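What's in start-v2.txt: compact mmCIF, C-alpha atoms
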# COMPACT_ATOMS: atom_id res chain seq x y z
CA MET D 189 0.00 0.00 0.00
CA TYR D 190 1.07 3.59 -0.56
CA LYS D 191 0.28 6.31 1.91
CA LEU D 192 -1.64 9.28 0.51
CA ASN D 193 0.09 12.63 0.80
CA LYS D 194 -3.02 14.49 1.87
CA ASN D 195 -1.52 17.98 1.63
CA LYS D 196 -0.26 17.40 -1.91
CA TYR D 197 -3.66 16.00 -2.94
CA LEU D 198 -5.53 18.99 -1.52
CA LEU D 199 -3.06 21.38 -3.17
CA ALA D 200 -3.64 19.73 -6.52
CA ARG D 201 -7.42 20.05 -6.12
CA LYS D 202 -7.07 23.74 -5.30
CA GLN D 203 -4.73 24.47 -8.21
CA HIS D 204 -6.79 22.45 -10.70
CA SER D 205 -10.11 24.09 -9.88
CA GLY D 206 -10.54 26.03 -13.15
CA PHE D 207 -12.02 25.02 -16.50
CA VAL D 208 -10.36 24.86 -19.90
CA GLN D 209 -10.53 27.09 -22.95
CA PRO D 210 -7.94 26.23 -25.63
CA THR D 211 -6.57 29.08 -27.72
CA PRO D 212 -7.31 29.38 -31.45
CA GLU D 213 -3.62 28.58 -32.10
CA GLN D 214 -3.84 25.38 -30.03
CA ILE D 215 -6.94 24.34 -31.98
CA ASP D 216 -5.17 25.07 -35.28
CA ASN D 217 -2.11 23.07 -34.26
CA TRP D 218 -4.10 20.01 -33.21
CA LEU D 219 -6.32 20.05 -36.31
CA ASN D 220 -3.38 20.41 -38.69
CA LYS D 221 -1.71 17.38 -37.10
CA ASN D 222 -4.82 15.21 -37.36
CA PHE D 223 -6.96 16.41 -40.30
CA GLU D 224 -6.89 18.05 -43.67
CA CYS D 225 -8.44 21.47 -43.04
CA LYS D 226 -10.21 24.19 -45.01
CA ASN D 227 -10.99 27.69 -43.77
CA ALA D 228 -14.66 28.67 -43.77
CA ASN D 229 -14.01 32.23 -42.51
CA ASP D 230 -11.71 34.03 -40.07
CA ASP D 231 -13.15 32.06 -37.14
CA GLN D 232 -14.29 28.73 -38.54
CA ILE D 233 -12.32 25.79 -39.89
CA ARG D 234 -13.90 22.93 -41.80
CA ILE D 235 -12.84 19.27 -41.64
CA CYS D 236 -14.41 16.02 -42.79
CA ASN D 237 -16.72 14.59 -40.16
CA PRO D 238 -15.17 11.27 -39.01
CA ASP D 239 -18.53 9.60 -39.65
CA GLY D 240 -17.60 9.15 -43.33
CA ASP D 241 -17.99 12.68 -44.65
CA THR D 242 -15.70 13.58 -47.58
CA GLU D 243 -16.88 17.15 -48.19
CA PHE D 244 -15.54 19.02 -45.12
CA ARG D 245 -18.89 19.54 -43.43
CA LEU D 246 -17.79 19.57 -39.79
CA TYR D 247 -17.26 23.17 -38.62
CA ILE D 248 -14.96 24.15 -35.74
CA SER D 249 -15.14 27.61 -34.20
CA ARG D 250 -11.64 28.70 -33.22
CA VAL D 251 -12.92 31.46 -30.92
CA ASN D 252 -15.61 29.47 -29.12
CA ALA D 253 -13.77 26.11 -29.30
CA ALA D 254 -17.00 24.47 -30.49
CA VAL D 255 -17.85 21.81 -33.08
CA HIS D 256 -20.99 21.54 -35.23
CA ASP D 257 -22.22 19.70 -38.32
CA PHE D 258 -25.19 21.51 -39.87
CA ARG D 259 -26.53 18.40 -41.63
CA PRO D 260 -29.50 16.65 -40.00
CA ASN D 261 -28.59 13.48 -38.07
CA HIS D 262 -24.85 14.17 -38.10
CA GLN D 263 -24.48 15.83 -34.70
CA GLN D 264 -22.71 12.99 -32.86
CA PHE D 265 -19.57 15.15 -32.49
CA ASP D 266 -21.35 18.44 -31.74
CA GLY D 267 -20.26 20.23 -28.59
CA SER D 268 -16.98 21.52 -27.25
CA PHE D 269 -13.78 21.05 -29.21
CA LEU D 270 -12.09 19.26 -26.31
CA LYS D 271 -14.96 16.77 -26.05
CA PHE D 272 -14.63 16.15 -29.79
CA VAL D 273 -10.93 15.38 -29.32
CA SER D 274 -11.75 13.08 -26.39
CA THR D 275 -14.33 11.16 -28.44
CA TYR D 276 -12.30 11.04 -31.66
CA LYS D 277 -9.13 9.84 -29.93
CA ASN D 278 -10.98 7.60 -27.44
CA ILE D 279 -9.18 9.20 -24.51
CA MET D 280 -10.27 10.75 -21.22
CA PHE D 281 -11.39 14.37 -21.26
CA SER D 282 -8.40 15.23 -19.05
CA GLU D 283 -6.07 13.59 -21.59
CA ALA D 284 -7.68 15.59 -24.40
CA ILE D 285 -6.87 18.77 -22.48
CA LYS D 286 -3.20 17.83 -22.31
CA GLU D 287 -3.07 16.74 -25.96
CA VAL D 288 -4.53 20.03 -27.24
CA CYS D 289 -3.30 22.54 -24.66
CA GLY D 290 -0.08 21.06 -23.33
CA ASN D 291 0.96 23.09 -20.30
CA SER D 292 -0.62 26.35 -21.40
CA PRO D 293 -4.44 26.40 -21.62
CA ILE D 294 -6.03 29.79 -21.01
CA ILE D 295 -8.13 28.69 -18.05
CA SER D 296 -7.35 25.18 -16.99
CA ARG D 297 -7.46 22.43 -14.42
CA TYR D 298 -3.72 22.23 -15.16
CA SER D 299 -1.18 24.86 -14.17
CA ALA D 300 1.92 25.55 -16.23
CA SER D 301 4.02 25.88 -13.08
CA LYS D 302 6.84 23.45 -12.38
CA GLU D 303 5.34 22.74 -8.97
CA ASN D 304 2.07 21.63 -10.48
CA ASP D 305 3.80 19.54 -13.15
CA GLU D 306 5.34 17.55 -10.31
CA ILE D 307 1.93 17.03 -8.74
CA GLN D 308 0.47 15.74 -12.00
CA ASN D 309 3.18 13.10 -12.28
CA ASP D 310 3.12 11.93 -8.66
CA ASP D 311 -0.07 9.94 -8.10
CA PRO D 312 -1.31 9.93 -4.48
CA ILE D 313 -1.57 6.12 -4.62
CA LYS D 314 -0.47 3.24 -6.84
CA LEU D 315 -2.34 0.30 -8.29
CA PRO D 316 -1.95 -2.97 -6.35
CA GLU D 317 1.44 -4.59 -6.83
CA GLY D 318 1.46 -6.87 -9.86
CA SER D 319 -1.21 -4.95 -11.80
CA ILE D 320 -0.84 -4.88 -15.59
CA LEU D 321 -2.80 -2.63 -17.97
CA LEU D 322 -5.02 -4.64 -20.31
CA ALA D 323 -4.24 -2.27 -23.17
CA LYS D 324 -0.48 -2.78 -22.94
CA HIS D 325 0.18 -6.35 -21.85
CA HIS D 326 -0.59 -9.92 -22.87
CA GLY D 327 -0.82 -13.18 -20.97
CA LYS D 328 -3.26 -15.45 -19.17
CA ALA D 329 -4.35 -12.91 -16.55
CA ARG D 330 -5.05 -10.35 -19.23
CA ASP D 331 -6.98 -12.86 -21.35
CA VAL D 332 -9.21 -13.87 -18.41
CA CYS D 333 -10.11 -10.25 -17.62
CA MET D 334 -10.72 -9.37 -21.26
CA ALA D 335 -12.98 -12.40 -21.69
CA TYR D 336 -15.05 -11.37 -18.66
CA LEU D 337 -15.37 -7.74 -19.74
CA THR D 338 -16.22 -8.48 -23.38
CA LYS D 339 -18.26 -11.68 -23.14
CA VAL D 340 -19.95 -11.30 -19.74
CA ARG D 341 -20.27 -7.52 -19.50
CA GLY D 342 -20.54 -6.71 -23.19
CA PHE D 343 -17.89 -3.97 -23.41
CA SER D 344 -15.86 -3.21 -26.51
CA GLU D 345 -12.07 -3.08 -26.41
CA ASP D 346 -12.22 0.69 -26.94
CA VAL D 347 -14.25 1.16 -23.76
CA ILE D 348 -11.99 -1.17 -21.76
CA PHE D 349 -8.74 0.44 -22.91
CA LYS D 350 -10.01 3.98 -22.42
CA ALA D 351 -10.91 3.12 -18.82
CA LYS D 352 -7.31 1.92 -18.22
CA ILE D 353 -8.53 -1.28 -16.54
CA ALA D 354 -5.80 -3.57 -15.23
CA ALA D 355 -5.43 -7.25 -14.35
CA CYS D 356 -3.86 -8.42 -11.11
CA GLY D 357 -3.64 -12.19 -10.95
CA THR D 358 -7.23 -13.49 -11.06
CA SER D 359 -8.62 -10.06 -10.19
CA MET D 360 -9.53 -6.99 -12.20
CA VAL D 361 -8.53 -3.48 -11.10
CA VAL D 362 -10.46 -0.38 -12.17
CA PRO D 363 -8.66 2.93 -11.50
CA TYR D 364 -10.26 6.21 -10.46
CA TYR D 365 -8.63 9.35 -11.88
CA GLN D 366 -9.13 12.87 -10.59
CA TYR D 367 -7.33 15.88 -12.06
CA ASP D 368 -5.19 13.39 -13.98
CA MET D 369 -4.04 11.66 -10.79
CA LEU D 370 -4.73 8.09 -9.73
CA VAL D 371 -6.67 8.63 -6.49
CA PHE D 372 -8.55 5.36 -5.86
CA TRP D 373 -9.14 1.90 -7.29
CA GLN D 374 -11.56 -0.98 -7.07
CA MET D 375 -10.34 -4.57 -7.29
CA ARG D 376 -12.78 -7.39 -8.10
CA SER D 377 -11.91 -11.07 -7.93
CA LEU D 378 -13.20 -12.91 -10.99
CA ILE D 379 -13.35 -16.15 -9.01
CA SER D 380 -14.98 -15.25 -5.69
CA LYS D 381 -16.50 -11.85 -6.66
CA VAL D 382 -14.85 -10.32 -3.59
CA PHE D 383 -14.08 -6.59 -3.76
CA ARG D 384 -11.04 -4.81 -2.39
CA PHE D 385 -10.14 -1.10 -2.13
CA PRO D 386 -7.17 0.97 -0.95
CA ASP D 387 -6.63 0.84 2.82
CA GLU D 388 -8.65 3.67 4.42
CA GLU D 389 -6.21 4.02 7.31
CA GLU D 390 -3.34 4.66 4.94
CA THR D 391 -5.13 6.83 2.37
CA ASN D 392 -7.47 8.67 4.75
CA LYS D 393 -10.05 8.29 1.96
CA LYS D 394 -12.95 5.96 1.20
CA ALA D 395 -15.06 5.17 -1.85
CA GLY D 396 -17.63 7.83 -0.93
CA ASP D 397 -14.97 10.52 -1.37
CA PHE D 398 -14.68 9.85 -5.10
CA LEU D 399 -16.81 9.65 -8.24
CA TYR D 400 -15.79 7.12 -10.85
CA GLY D 401 -15.48 8.81 -14.25
CA PHE D 402 -14.66 12.26 -12.84
CA ASP D 403 -11.80 12.93 -15.26
CA ASP D 404 -13.93 12.03 -18.27
CA ILE D 405 -16.58 14.68 -17.61
CA GLU D 406 -16.74 17.92 -19.55
CA PRO D 407 -17.37 20.76 -17.05
CA CYS D 408 -20.70 22.59 -17.35
CA SER D 409 -22.29 19.79 -19.39
CA GLU D 410 -25.14 17.40 -18.59
CA VAL D 411 -24.08 14.49 -16.39
CA SER D 412 -25.72 11.13 -15.65
CA VAL D 413 -25.20 9.73 -12.15
CA VAL D 414 -25.37 5.93 -11.89
CA GLU D 415 -24.62 3.36 -9.22
CA SER D 416 -21.87 1.09 -10.53
CA ILE D 417 -18.73 1.33 -12.63
CA TYR D 418 -20.21 -1.16 -15.09
CA ASN D 419 -23.26 1.09 -15.54
CA CYS D 420 -20.96 4.05 -16.14
CA LEU D 421 -18.99 2.15 -18.78
CA SER D 422 -22.25 1.03 -20.40
CA ILE D 423 -23.29 4.65 -20.97
CA LYS D 424 -19.78 5.45 -22.30
CA GLN D 425 -19.93 9.24 -21.97
CA ASN D 426 -20.77 12.01 -19.50
CA SER D 427 -21.57 9.66 -16.64
CA LEU D 428 -20.38 9.25 -13.06
CA ALA D 429 -20.67 6.25 -10.75
CA THR D 430 -21.26 6.60 -7.02
CA GLY D 431 -20.49 3.01 -6.07
CA GLY D 432 -23.78 2.84 -4.17
CA ALA D 433 -27.44 3.78 -4.26
CA SER D 434 -26.99 7.48 -3.44
CA LEU D 435 -24.51 10.36 -3.47
CA LYS D 436 -22.29 10.84 -0.42
CA ALA D 437 -21.20 14.21 0.99
CA GLY D 438 -17.74 14.05 -0.59
CA GLN D 439 -19.22 13.06 -3.95
CA LEU D 440 -21.63 15.99 -3.86
CA LYS D 441 -18.67 18.35 -3.47
CA LEU D 442 -16.98 16.77 -6.49
CA LEU D 443 -20.18 17.07 -8.51
CA ARG D 444 -20.34 20.74 -7.56
CA SER D 445 -16.77 21.27 -8.78
CA LEU D 446 -17.79 20.05 -12.25
CA ASN D 447 -20.64 22.61 -12.30
CA PRO D 448 -22.97 20.55 -14.54
CA LYS D 449 -25.79 22.51 -16.14
CA SER D 450 -28.11 19.57 -15.51
CA VAL D 451 -27.93 16.12 -13.95
CA ILE D 452 -29.75 12.88 -14.71
CA LEU D 453 -30.21 10.62 -11.70
CA ALA D 454 -30.07 7.16 -13.28
CA PRO D 455 -30.10 4.42 -10.63
CA ASP D 456 -30.90 0.73 -10.97
CA ARG D 457 -34.53 -0.29 -11.41
CA ASP D 458 -35.13 -1.52 -7.86
CA GLU D 459 -36.51 -0.17 -4.58
CA ALA D 460 -33.17 1.19 -3.35
CA GLY D 461 -32.56 2.93 -6.66
CA ILE D 462 -35.97 4.62 -6.71
CA LYS D 463 -35.51 5.83 -3.13
CA SER D 464 -32.13 7.29 -4.05
CA ILE D 465 -33.73 9.60 -6.63
CA GLN D 466 -35.61 11.45 -3.89
CA LYS D 467 -32.60 11.54 -1.57
CA ASP D 468 -30.19 12.76 -4.24
CA TYR D 469 -32.67 15.30 -5.60
CA PHE D 470 -33.01 17.02 -2.24
CA ALA D 471 -29.25 16.85 -1.60
CA ILE D 472 -28.45 18.50 -4.94
CA ASN D 473 -31.33 20.95 -4.64
CA LYS D 474 -29.81 22.37 -1.44
CA MET D 475 -26.67 23.22 -3.40
CA ARG D 476 -28.30 24.74 -6.48
CA THR D 477 -27.03 28.24 -7.27
CA GLY D 478 -26.33 30.00 -10.54
CA ASP D 479 -25.95 27.58 -13.45
CA PHE D 480 -25.32 24.55 -11.25
CA CYS D 481 -27.91 21.82 -11.91
CA LYS D 482 -30.65 24.12 -13.18
CA ASP D 483 -32.53 20.97 -14.16
CA ILE D 484 -32.57 17.63 -12.34
CA TYR D 485 -33.90 14.66 -14.31
CA TYR D 486 -34.25 10.97 -13.62
CA ALA D 487 -34.16 7.88 -15.81
CA ILE D 488 -34.55 4.21 -14.97
CA PRO D 489 -34.28 1.10 -17.17
CA PRO D 490 -37.59 0.22 -18.89
CA LEU D 491 -40.10 -2.39 -17.81
CA GLU D 492 -38.81 -4.69 -20.56
CA VAL D 493 -35.58 -5.01 -18.60
CA ALA D 494 -37.40 -5.87 -15.38
CA LYS D 495 -39.50 -8.48 -17.15
CA ALA D 496 -36.28 -10.13 -18.30
CA GLY D 497 -35.19 -10.40 -14.67
CA LYS D 498 -32.65 -7.56 -15.04
CA LYS D 499 -32.41 -4.13 -13.46
CA ASP D 500 -29.50 -1.93 -14.55
CA TRP D 501 -27.86 -0.16 -17.48
CA ASN D 502 -25.25 -2.85 -18.06
CA ASP D 503 -28.10 -5.35 -18.43
CA MET D 504 -29.54 -3.04 -21.08
CA LEU D 505 -26.22 -2.88 -22.92
CA LYS D 506 -26.14 -6.68 -23.06
CA MET D 507 -29.72 -6.65 -24.38
CA GLY D 508 -28.59 -4.51 -27.33
CA TYR D 509 -29.66 -1.03 -26.22
CA ASN D 510 -27.76 2.18 -26.94
CA VAL D 511 -27.84 3.13 -23.27
CA TYR D 512 -26.70 6.75 -23.66
CA LYS D 513 -29.35 7.39 -26.30
CA TYR D 514 -32.07 5.69 -24.25
CA ILE D 515 -31.35 7.75 -21.13
CA ASN D 516 -31.31 11.05 -23.00
CA GLU D 517 -34.51 10.26 -24.90
CA ASN D 518 -36.42 9.00 -21.85
CA LYS D 519 -35.26 11.24 -19.00
CA LYS D 520 -38.00 12.97 -17.02
CA LEU D 521 -37.81 16.18 -15.03
CA VAL D 522 -37.88 15.63 -11.27
CA THR D 523 -40.47 17.83 -9.58
CA THR D 524 -41.69 18.07 -6.00
CA ARG D 525 -45.09 16.90 -7.24
CA LEU D 526 -43.51 13.81 -8.77
CA LEU D 527 -41.71 13.06 -5.51
CA PHE D 528 -44.92 13.57 -3.56
CA ASP D 529 -46.87 11.17 -5.79
CA GLY D 530 -43.99 8.71 -5.90
CA ILE D 531 -41.98 7.29 -8.78
CA LYS D 532 -43.40 4.02 -9.98
CA ILE D 533 -41.47 0.96 -11.09

Spit out the file's structure as structure tokens when you get a sec.
Amino acid sequence: MYKLNKNKYLLARKQHSGFVQPTPEQIDNWLNKNFECKNANDDQIRICNPDGDTEFRLYISRVNAAVHDFRPNHQQFDGSFLKFVSTYKNIMFSEAIKEVCGNSPIISRYSASKENDEIQNDDPIKLPEGSILLAKHHGKARDVCMAYLTKVRGFSEDVIFKAKIAACGTSMVVPYYQYDMLVFWQMRSLISKVFRFPDEEETNKKAGDFLYGFDDIEPCSEVSVVESIYNCLSIKQNSLATGGASLKAGQLKLLRSLNPKSVILAPDRDEAGIKSIQKDYFAINKMRTGDFCKDIYYAIPPLEVAKAGKKDWNDMLKMGYNVYKYINENKKLVTTRLLFDGIKI
């Protein structure tokens, strides 16, 4: 085990508290390295949409760092430029920041100071001894974990490699990243289904102090909050996992730091999950100021899933659903009237 340097961790959180806006020059540099480009006007650059476009119909605003395709049904990359890079490269949002901005974004989670560079490269904890990244190694342990994740859980290799999941003997290790630092991990035995976490006494932290997926969230966007890591990976984008049925105090603070414009409470379809919607709604509602969580929605897996004896988003993935699309098309606004009448399952 590795003891957490609490002061260094807190310093990193303080220094990384801003949001990112790449410069027009940084956008130009990244695009010229990765695409053939055409200028639309002084602000906009056109590239071919990676969905098969050959006529340069994806527009990037250099000033607003935004991406848009004006054609109907071709908006899968619409949004911020950094999110486009994250999706296109299949990397974490935090990694997209570094790839585009290096050490000099205008307003960033990352400081250009030497002191902060040292913090970025010195993780508060390490993965369990003997852990090997599935994306970089081969062998029996790796094959067993990959078989479980692909055949039992239904994940693609892209999802697995982006999550930086590791194998450790007959166990699987899923890392938690926060401000580009490894801050927590969950180990799951593939034989006995026993879970293990970093030692609380040594780290002074527990699972409720972290949100899985934190570093893959675009600030000020819409975020789905789910229970398990597998549910989070099933949605693939803009989702956070609590590791339980409801948000803890430390997780609420982390959610606040991301400043989402709206949140979708998306628990499992069971009694505990439905109860968590009410609890989390009131907890978030107490914190609502400015643009933070102007709208709070909820979504639960459909009755079809329950009839099949299933209850969560990973079950839906295995049944062939596009989980992200389903949640966004079926979310419902949480109101006090709805909570008073009760949410039905």

Go through D:Val511, D:Val208, D:Ile462, D:Ala454 and flag the residue nearest D:Ile484, using all atoms listed in the file for the distances.
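Closest to D:Ile484 of all the choices is D:Ala454.
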
Using all atoms listed in the file, which protein or nucleic acid residues come within 12 Å of D:Asp230? Drop anything in the same chain fewer than 2 positions from it, and give the result as a ChimeraX atom specification.
/D:212,226-228,232-234,248-251

Kindly indicate which residue among D:Asn220, D:Asn447, D:Val411, D:Met375 lies nearest to D:Arg476, using all atoms listed in the file for the distances.
D:Asn447

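The spacing separating atom CA of D:Lys463 from atom CA of D:Gly530 amounts to 9.4 Å.
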
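Closest approach to D:Thr211 among D:Cys289, D:Ser268, D:Arg245, D:Cys408 is made by D:Cys289 (distances from all atoms listed in the file).
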
Hey, could you make a per-residue contact list for stretch 480-509 of chain D against stretch 421-444 of chain D with 8 Å as the cut-off, showing the nearest pair of atoms and its distance in Å to one decimal, counting all atoms listed in the file, sorted by chain and number, as CSV?
residue,atom,partner,partner_atom,distance
D:Phe480,CA,D:Arg444,CA,7.3
D:Trp501,CA,D:Ser422,CA,6.4
D:Asn502,CA,D:Ser422,CA,5.4
D:Leu505,CA,D:Ser422,CA,6.1

Å distance separating atom CA of D:Val362 from atom CA of D:Arg376, one decimal place
8.4 Å
